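Shown below: data.txt, with compact mmCIF, C-alpha atoms.
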# COMPACT_ATOMS: atom_id res chain seq x y z
CA MET A 1 9.02 -9.41 -10.91
CA PRO A 2 7.71 -6.26 -9.15
CA LYS A 3 7.77 -6.40 -5.36
CA ILE A 4 4.79 -5.19 -3.34
CA LEU A 5 4.57 -4.62 0.39
CA ILE A 6 1.05 -4.92 1.84
CA ALA A 7 0.20 -3.60 5.30
CA GLU A 8 -3.33 -4.69 6.26
CA ASP A 9 -4.51 -5.56 9.78
CA GLU A 10 -7.46 -7.73 8.68
CA PRO A 11 -5.96 -11.22 8.20
CA ASP A 12 -8.57 -12.41 5.69
CA LEU A 13 -8.18 -9.35 3.47
CA ARG A 14 -4.38 -9.40 3.83
CA ASN A 15 -4.25 -13.05 2.73
CA PHE A 16 -6.74 -12.45 -0.09
CA LEU A 17 -4.73 -9.52 -1.45
CA ARG A 18 -1.46 -11.44 -1.14
CA ASP A 19 -2.91 -14.41 -3.03
CA GLU A 20 -4.53 -12.31 -5.77
CA LEU A 21 -1.39 -10.25 -6.37
CA THR A 22 0.84 -13.33 -6.29
CA ASP A 23 -1.42 -14.85 -8.97
CA GLN A 24 -0.72 -11.72 -11.05
CA ARG A 25 3.03 -12.44 -10.83
CA PHE A 26 3.93 -9.90 -8.16
CA ALA A 27 6.33 -10.80 -5.37
CA VAL A 28 4.35 -9.95 -2.24
CA THR A 29 5.30 -9.39 1.38
CA ALA A 30 2.29 -8.97 3.67
CA VAL A 31 2.40 -7.57 7.21
CA GLY A 32 -0.32 -6.90 9.75
CA ASN A 33 0.51 -3.39 10.97
CA GLY A 34 2.24 -0.14 10.19
CA ALA A 35 5.28 -0.72 12.38
CA ASP A 36 6.02 -3.99 10.60
CA ALA A 37 5.61 -2.21 7.25
CA ILE A 38 8.24 0.35 8.21
CA VAL A 39 10.64 -2.39 9.34
CA ALA A 40 10.07 -4.34 6.11
CA ALA A 41 10.66 -1.21 4.00
CA ALA A 42 13.88 -0.49 5.88
CA GLU A 43 15.14 -4.05 5.42
CA ASP A 44 14.23 -4.65 1.77
CA THR A 45 13.33 -2.74 -1.39
CA TYR A 46 9.83 -2.65 -2.86
CA ASP A 47 8.32 -1.27 -6.03
CA VAL A 48 4.92 -0.39 -4.54
CA TYR A 49 3.47 -0.09 -1.04
CA LEU A 50 -0.18 -0.97 -0.40
CA LEU A 51 -1.37 0.36 2.95
CA ASP A 52 -4.55 0.11 4.95
CA MET A 53 -5.29 3.61 6.20
CA LEU A 54 -6.85 2.60 9.52
CA MET A 55 -4.64 0.16 11.43
CA PRO A 56 -4.05 -0.13 15.15
CA GLY A 57 -0.89 1.55 16.37
CA LEU A 58 0.51 3.48 13.42
CA ASP A 59 -2.22 4.38 10.95
CA GLY A 60 -1.67 4.64 7.22
CA ILE A 61 -0.94 8.38 7.27
CA GLN A 62 1.76 7.95 9.90
CA VAL A 63 3.30 5.11 7.89
CA ILE A 64 3.17 7.21 4.71
CA ARG A 65 5.12 9.99 6.45
CA VAL A 66 7.90 7.58 7.43
CA LEU A 67 7.96 5.76 4.07
CA ARG A 68 8.23 9.08 2.21
CA LYS A 69 11.41 9.79 4.19
CA LEU A 70 12.84 6.26 3.81
CA THR A 71 11.94 5.70 0.15
CA PRO A 72 10.56 8.90 -1.36
CA HIS A 73 10.17 7.55 -4.91
CA VAL A 74 8.27 4.35 -4.16
CA PRO A 75 4.58 4.67 -5.10
CA ILE A 76 2.08 4.20 -2.29
CA LEU A 77 -1.52 3.10 -2.68
CA GLY A 78 -3.94 3.33 0.21
CA LEU A 79 -7.01 1.30 1.10
CA THR A 80 -9.77 2.59 3.33
CA GLY A 81 -13.24 1.56 4.35
CA HIS A 82 -13.69 4.89 6.12
CA VAL A 83 -14.16 7.33 3.28
CA GLY A 84 -15.73 9.97 5.52
CA ARG A 85 -12.77 10.21 7.88
CA GLY A 86 -10.62 12.28 5.54
CA TYR A 87 -8.00 9.62 4.87
CA MET A 88 -8.35 10.04 1.11
CA ALA A 89 -7.72 13.79 1.30
CA GLN A 90 -4.80 13.37 3.71
CA ALA A 91 -3.28 10.61 1.59
CA SER A 92 -3.70 12.70 -1.54
CA SER A 93 -1.66 15.50 0.04
CA TYR A 94 1.26 13.01 0.12
CA GLY A 95 0.71 11.97 -3.50
CA VAL A 96 -1.00 8.73 -2.47
CA THR A 97 -3.99 7.33 -4.34
CA CYS A 98 -6.56 5.85 -1.96
CA LEU A 99 -9.02 3.17 -3.01
CA SER A 100 -12.17 2.48 -1.04
CA LYS A 101 -12.92 -0.92 0.43
CA PRO A 102 -14.19 -3.30 -0.62
CA VAL A 103 -11.68 -2.91 -3.42
CA GLN A 104 -12.24 -4.48 -6.81
CA VAL A 105 -9.19 -6.59 -7.65
CA ASP A 106 -9.16 -5.42 -11.27
CA ASP A 107 -9.13 -1.78 -10.12
CA LEU A 108 -6.34 -2.47 -7.66
CA ILE A 109 -4.20 -4.23 -10.25
CA ARG A 110 -4.75 -1.38 -12.72
CA GLU A 111 -3.65 1.16 -10.06
CA ILE A 112 -0.58 -0.90 -9.22
CA ARG A 113 0.42 -1.17 -12.89
CA GLU A 114 -0.09 2.59 -13.37
CA ALA A 115 2.05 3.30 -10.29
CA LEU A 116 4.78 1.02 -11.61
CA ALA A 117 4.66 2.66 -15.05
CA THR A 118 4.87 6.13 -13.51
CA ARG A 119 7.81 5.13 -11.36
CA ARG A 120 9.73 3.86 -14.38
CA LEU A 121 9.31 7.26 -16.02
CA VAL A 122 10.87 9.08 -13.06
Render the structure in this file as structure tokens.
Amino acid sequence: MPKILIAEDEPDLRNFLRDELTDQRFAVTAVGNGADAIVAAAEDTYDVYLLDMLMPGLDGIQVIRVLRKLTPHVPILGLTGHVGRGYMAQASSYGVTCLSKPVQVDDLIREIREALATRRLV
């Protein structure tokens, strides 16, 4: 069962994503900020990271930088409701696909499955 780490500061969205992905037979750990995501990634292994780009404290780009050093081969997907702030372009420079909020669950699941498939080829 693929393991996904979600870092999302909005509790309702975090719980929604956790529930939807659990229903799709993913093992999900959900945290509320970037610092907790880094700790979780250091303490356990994951197959995909799903990060909000705009969180208090460490934002998604800062978390991506650390995760790329800790686990360089784990795919990262970003979520942002702030398309105009350049998060998508910054994330892309780290090889991260960013999806805009509100995200369609089917699109998110497709992106996760593609990331998993790509990782297995590496």
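Of the residues under consideration (A:Thr45, A:Ser93, A:Asn15, A:Thr80), A:Ser93 shows the shortest atom-to-atom contact distance to Ile64 in chain A when counting all atoms listed in the file.
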Would you compute the distance between CA of Asp106 in chain A and CA of Leu17 in chain A? Give it in Å to one decimal.
11.5 Å
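Pairwise distance (CA of Ala7 in chain A, CA of Ala35 in chain A) equals 9.2 Å.
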Within 9 Å of Ile6 in chain A using all atoms listed in the file, minus same-chain residues under 6 positions, as number ranges by chain:
A: 14, 17-18, 28-32, 37, 48-52
Would you put the residues from that selection into a file with C-alpha atoms, as a PDB file, keeping the file's coordinate frame?
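Final file, selection_1.pdb:
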ATOM      1  CA  ARG A  14      -4.380  -9.400   3.830  1.00  0.00           C
ATOM      2  CA  LEU A  17      -4.730  -9.520  -1.450  1.00  0.00           C
ATOM      3  CA  ARG A  18      -1.460 -11.440  -1.140  1.00  0.00           C
ATOM      4  CA  VAL A  28       4.350  -9.950  -2.240  1.00  0.00           C
ATOM      5  CA  THR A  29       5.300  -9.390   1.380  1.00  0.00           C
ATOM      6  CA  ALA A  30       2.290  -8.970   3.670  1.00  0.00           C
ATOM      7  CA  VAL A  31       2.400  -7.570   7.210  1.00  0.00           C
ATOM      8  CA  GLY A  32      -0.320  -6.900   9.750  1.00  0.00           C
ATOM      9  CA  ALA A  37       5.610  -2.210   7.250  1.00  0.00           C
ATOM     10  CA  VAL A  48       4.920  -0.390  -4.540  1.00  0.00           C
ATOM     11  CA  TYR A  49       3.470  -0.090  -1.040  1.00  0.00           C
ATOM     12  CA  LEU A  50      -0.180  -0.970  -0.400  1.00  0.00           C
ATOM     13  CA  LEU A  51      -1.370   0.360   2.950  1.00  0.00           C
ATOM     14  CA  ASP A  52      -4.550   0.110   4.950  1.00  0.00           C
TER      15      ASP A  52
END
Need the shell around Leu108 in chain A: protein/DNA/RNA residues with any atom at most 9 Å away, counting only C-alpha atoms. Skip same-chain ones fewer than 5 positions apart. Format as JSON, numbers by chain?
{"A": [77, 99, 103, 113]}
Would you please work out which residue, of A:Ala41, A:Met53, A:Glu20, A:Ala27, is nearest to Ala89 in chain A when using only C-alpha atoms?
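Looking only at the distances to Ala89 in chain A, the closest residue turns out to be A:Met53.
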Mind listing whatever residues come within 8 Å of the point (1.4, 9.1, -3.8)? Use all atoms listed in the file, file coordinates, and give them as a count of residues only.
9
Return the single residue from A:Glu114, A:Met1, A:Leu70, A:Ile109 that is closest to Asp44 in chain A, with distances computed using all atoms listed in the file.
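For Asp44 in chain A, the nearest of the given residues is A:Leu70.
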Rank nothing, just name the residue among A:Leu54, A:Leu116, A:Ile4, A:Leu21 nearest to His73 in chain A, using all atoms listed in the file.
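Once distances to His73 in chain A are computed over all atoms listed in the file, the minimum belongs to A:Leu116.
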Could you give me, as a ChimeraX atom specification, the residues that have an atom at most 10 Å away from the point (1.3, 10.5, 7.6) in the coordinates of the file, using only C-alpha atoms?
/A:53,58-68,87,90-91,93-94
Distance query Gly81 in chain A at most 8 Å, only C-alpha atoms, self and fewer than 6 positions along chain excluded, as a list in words:
Ser100, Lys101 and Pro102 of chain A
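Of note, CA of Tyr46 in chain A and CA of Glu10 in chain A are spaced 21.4 Å apart.
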Of A:Arg119, A:Val39, A:Ile112, A:Val105, the one nearest to Leu13 in chain A when counting only C-alpha atoms is A:Val105
